[in-house]
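**Q** One structure, pasted below without further comment.
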Amino acid sequence: MTALSLDDQVTMVEMFLILVGIGITWAVYYGSDRAELPGDATTPAPGHADDMEIDARGRTL
């Protein structure tokens with residue numbers, strides 16, 4: 001036998017799932033305001049050479 005009733009167990013699971021949902025939402029949107037969006041990329045000067053290393057940070061399509 002458990003120390004918690006069935007209603008208490010259901011309430012605890014509901015609260016846990018709500019917290020998990022909030023955590024996932026925070027993880028998705030954290031730092032998204034600093035992401036480089038497709039229309040925000042800067043155009044490099046024509047006389048500069050391309051970088052030799054690929055910058056794989058940020059969002060990708």
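Residues are named by chain letter and number: chains run A, B, ... in the order of the structure tokens, numbers start at 1 in each chain, and ligands are numbered from 1 in the order shown.
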List as a PyMOL selection string the protein and nucleic acid residues near stretch 29-44 of chain A, meaning an atom at most 7 Å away when only C-alpha atoms are counted, but skip any in the same chain fewer than 2 places from it.
**A** chain A and resi 25-27+46+58-59
**Q** With all heavy atoms retained, write the just-selected residues as a short mmCIF file (atom, residue, chain, number, x, y, z; two decimals), in the first residue's frame.
**A**
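The resulting file, selection-v7.cif, is shown below:
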```cif
data_model
loop_
_atom_site.label_atom_id
_atom_site.label_comp_id
_atom_site.auth_asym_id
_atom_site.auth_seq_id
_atom_site.Cartn_x
_atom_site.Cartn_y
_atom_site.Cartn_z
N THR A 25 9.50 24.45 -22.68
CA THR A 25 9.25 25.75 -23.32
C THR A 25 10.41 26.70 -23.07
O THR A 25 10.86 27.40 -23.99
CB THR A 25 7.94 26.36 -22.78
OG1 THR A 25 6.87 25.43 -23.02
CG2 THR A 25 7.63 27.68 -23.46
N TRP A 26 10.92 26.74 -21.86
CA TRP A 26 12.06 27.61 -21.54
C TRP A 26 13.29 27.18 -22.35
O TRP A 26 14.01 28.03 -22.89
CB TRP A 26 12.37 27.55 -20.05
CG TRP A 26 13.58 28.33 -19.68
CD1 TRP A 26 13.65 29.67 -19.46
CD2 TRP A 26 14.90 27.82 -19.52
NE1 TRP A 26 14.95 30.01 -19.15
CE2 TRP A 26 15.73 28.91 -19.19
CE3 TRP A 26 15.46 26.55 -19.62
CZ2 TRP A 26 17.09 28.75 -18.96
CZ3 TRP A 26 16.81 26.40 -19.39
CH2 TRP A 26 17.61 27.49 -19.07
N ALA A 27 13.55 25.88 -22.45
CA ALA A 27 14.72 25.40 -23.18
C ALA A 27 14.65 25.76 -24.66
O ALA A 27 15.67 26.07 -25.28
CB ALA A 27 14.85 23.89 -23.01
N PRO A 46 33.28 43.18 -50.08
CA PRO A 46 33.71 42.38 -51.24
C PRO A 46 35.21 42.09 -51.26
O PRO A 46 35.63 41.13 -51.87
CB PRO A 46 33.29 43.22 -52.44
CG PRO A 46 32.95 44.57 -51.92
CD PRO A 46 32.70 44.45 -50.47
N GLY A 58 24.27 28.48 -33.73
CA GLY A 58 23.02 29.14 -34.10
C GLY A 58 22.04 28.20 -34.76
O GLY A 58 22.21 26.99 -34.77
N ARG A 59 21.05 28.78 -35.33
CA ARG A 59 19.98 27.98 -35.94
C ARG A 59 20.34 27.57 -37.36
O ARG A 59 21.05 28.27 -38.07
CB ARG A 59 18.68 28.77 -35.97
CG ARG A 59 18.15 29.04 -34.61
CD ARG A 59 16.83 29.72 -34.71
NE ARG A 59 16.26 29.88 -33.38
CZ ARG A 59 15.09 30.39 -33.15
NH1 ARG A 59 14.34 30.79 -34.14
NH2 ARG A 59 14.63 30.50 -31.93
#
```
**Q** Can you list, as a PDB file with C-alpha atoms, in the first residue's frame, all residues belonging to chain A that DSSP tags as helix (DSSP H, G or I)?
**A**
```pdb
ATOM      1  CA  LEU A   6      -4.897   7.933  -5.835  1.00  0.00           C
ATOM      2  CA  ASP A   7      -6.053  11.570  -6.020  1.00  0.00           C
ATOM      3  CA  ASP A   8      -2.764  12.744  -4.492  1.00  0.00           C
ATOM      4  CA  GLN A   9      -0.770  10.671  -6.979  1.00  0.00           C
ATOM      5  CA  VAL A  10      -2.726  12.077  -9.934  1.00  0.00           C
ATOM      6  CA  THR A  11      -2.237  15.620  -8.622  1.00  0.00           C
ATOM      7  CA  MET A  12       1.524  15.057  -8.269  1.00  0.00           C
ATOM      8  CA  VAL A  13       1.769  13.694 -11.817  1.00  0.00           C
ATOM      9  CA  GLU A  14      -0.198  16.669 -13.157  1.00  0.00           C
ATOM     10  CA  MET A  15       2.108  19.140 -11.393  1.00  0.00           C
ATOM     11  CA  PHE A  16       5.188  17.262 -12.621  1.00  0.00           C
ATOM     12  CA  LEU A  17       3.973  17.330 -16.225  1.00  0.00           C
ATOM     13  CA  ILE A  18       3.164  21.036 -16.017  1.00  0.00           C
ATOM     14  CA  LEU A  19       6.697  21.719 -14.734  1.00  0.00           C
ATOM     15  CA  VAL A  20       8.180  19.565 -17.505  1.00  0.00           C
ATOM     16  CA  GLY A  21       6.174  21.550 -20.082  1.00  0.00           C
ATOM     17  CA  ILE A  22       7.416  24.839 -18.646  1.00  0.00           C
ATOM     18  CA  GLY A  23      10.985  23.503 -18.681  1.00  0.00           C
ATOM     19  CA  ILE A  24      10.766  22.401 -22.311  1.00  0.00           C
ATOM     20  CA  THR A  25       9.251  25.749 -23.316  1.00  0.00           C
ATOM     21  CA  TRP A  26      12.059  27.610 -21.541  1.00  0.00           C
ATOM     22  CA  ALA A  27      14.724  25.404 -23.180  1.00  0.00           C
ATOM     23  CA  VAL A  28      13.296  26.082 -26.648  1.00  0.00           C
ATOM     24  CA  TYR A  29      12.965  29.849 -26.268  1.00  0.00           C
ATOM     25  CA  SER A  32      16.191  32.769 -29.205  1.00  0.00           C
ATOM     26  CA  ASP A  33      16.184  36.574 -29.274  1.00  0.00           C
ATOM     27  CA  ARG A  34      19.900  36.491 -30.192  1.00  0.00           C
ATOM     28  CA  PRO A  38      17.454  34.829 -42.463  1.00  0.00           C
ATOM     29  CA  GLY A  39      16.843  38.526 -43.145  1.00  0.00           C
ATOM     30  CA  ASP A  40      19.262  39.745 -40.463  1.00  0.00           C
TER      31      ASP A  40
END
```
